[in-house]
Amino acid sequence: MSTYIRKAVDKIYVFLFPDAVGEISATFRYKLLIVLLVLVMSSSAAFTMVFF
């Protein structure tokens with residue numbers, strides 16, 4: 001199960017930052033943090049636009 005999560009996070013991270021394909025130094029926790037941060041920010045922006 002964790003391999004699927006790691007692959008999904010890697011694919012989302014590469015989609016968000018196409019330049020980061022060669023970036024080997026990024027750890028899984030860093031990638032997960034960036035992906036979660038983007039998800040939270042985009043969902044809060046969508047919530048704001050829908051209800052205001």
# chains A, B, ... in the order shown; residues from 1 in each chain; ligands from 1
call {"tool": "residues_around", "arguments": {"residues": "A:Leu36", "least_positions_apart": "4", "cutoff": "12 Å", "atoms": "only C-alpha atoms", "output": "short mmCIF file (atom, residue, chain, number, x, y, z; two decimals) with C-alpha atoms, in the first residue's frame"}}
result
data_model
loop_
_atom_site.label_atom_id
_atom_site.label_comp_id
_atom_site.auth_asym_id
_atom_site.auth_seq_id
_atom_site.Cartn_x
_atom_site.Cartn_y
_atom_site.Cartn_z
CA VAL A 9 2.92 11.41 -4.41
CA ILE A 12 1.72 14.56 -8.32
CA TYR A 13 4.99 16.21 -7.27
CA LEU A 16 3.37 20.27 -9.92
CA ARG A 29 8.31 13.63 3.48
CA TYR A 30 9.21 16.82 1.61
CA LYS A 31 7.24 15.72 -1.45
CA LEU A 32 4.27 14.72 0.71
CA VAL A 40 -5.08 22.47 1.19
CA MET A 41 -4.43 25.78 -0.53
CA SER A 42 -6.40 24.88 -3.65
CA SER A 43 -9.33 23.52 -1.66
#
call {"tool": "closest_residue", "arguments": {"among": "A:Ala26, A:Val35, A:Ala45, A:Phe51", "to": "A:Lys11", "atoms": "only C-alpha atoms"}}
result
A:Val35
call {"tool": "select_by_dssp", "arguments": {"residues": "chain A", "states": "helix (DSSP H, G or I)", "output": "CSV table (one decimal) with C-alpha atoms, in the first residue's frame"}}
result
chain,number,residue,atom,x,y,z
A,2,SER,CA,2.8,2.4,0.9
A,3,THR,CA,4.4,1.9,-2.5
A,4,TYR,CA,1.2,3.1,-4.2
A,5,ILE,CA,1.1,6.1,-2.0
A,6,ARG,CA,4.8,6.9,-2.8
A,7,LYS,CA,4.2,6.5,-6.5
A,8,ALA,CA,1.1,8.7,-6.4
A,9,VAL,CA,2.9,11.4,-4.4
A,10,ASP,CA,5.9,11.2,-6.8
A,11,LYS,CA,3.6,11.6,-9.8
A,12,ILE,CA,1.7,14.6,-8.3
A,13,TYR,CA,5.0,16.2,-7.3
A,14,VAL,CA,6.4,15.8,-10.8
A,15,PHE,CA,3.2,17.2,-12.2
A,16,LEU,CA,3.4,20.3,-9.9
A,18,PRO,CA,8.1,19.5,-13.9
A,19,ASP,CA,11.7,20.8,-13.3
A,20,ALA,CA,12.0,18.5,-10.3
A,21,VAL,CA,12.2,15.3,-12.4
A,22,GLY,CA,15.9,15.2,-11.9
A,28,PHE,CA,9.4,11.5,0.5
A,29,ARG,CA,8.3,13.6,3.5
A,30,TYR,CA,9.2,16.8,1.6
A,31,LYS,CA,7.2,15.7,-1.5
A,32,LEU,CA,4.3,14.7,0.7
A,33,LEU,CA,4.4,18.1,2.5
A,34,ILE,CA,4.4,20.0,-0.8
A,35,VAL,CA,1.5,17.9,-2.2
A,36,LEU,CA,-0.6,18.3,0.9
A,37,LEU,CA,0.1,22.0,1.1
A,38,VAL,CA,-1.0,22.5,-2.5
A,39,LEU,CA,-4.2,20.4,-1.9
A,40,VAL,CA,-5.1,22.5,1.2
A,41,MET,CA,-4.4,25.8,-0.5
A,42,SER,CA,-6.4,24.9,-3.6
A,43,SER,CA,-9.3,23.5,-1.7
A,44,SER,CA,-9.5,26.6,0.5
A,45,ALA,CA,-9.4,28.8,-2.6
A,46,ALA,CA,-12.2,26.8,-4.2
A,47,PHE,CA,-14.2,27.0,-0.9
A,48,THR,CA,-13.7,30.8,-0.9
A,49,MET,CA,-14.8,31.2,-4.5
A,50,VAL,CA,-17.9,29.0,-4.1
A,51,PHE,CA,-19.2,30.6,-0.9
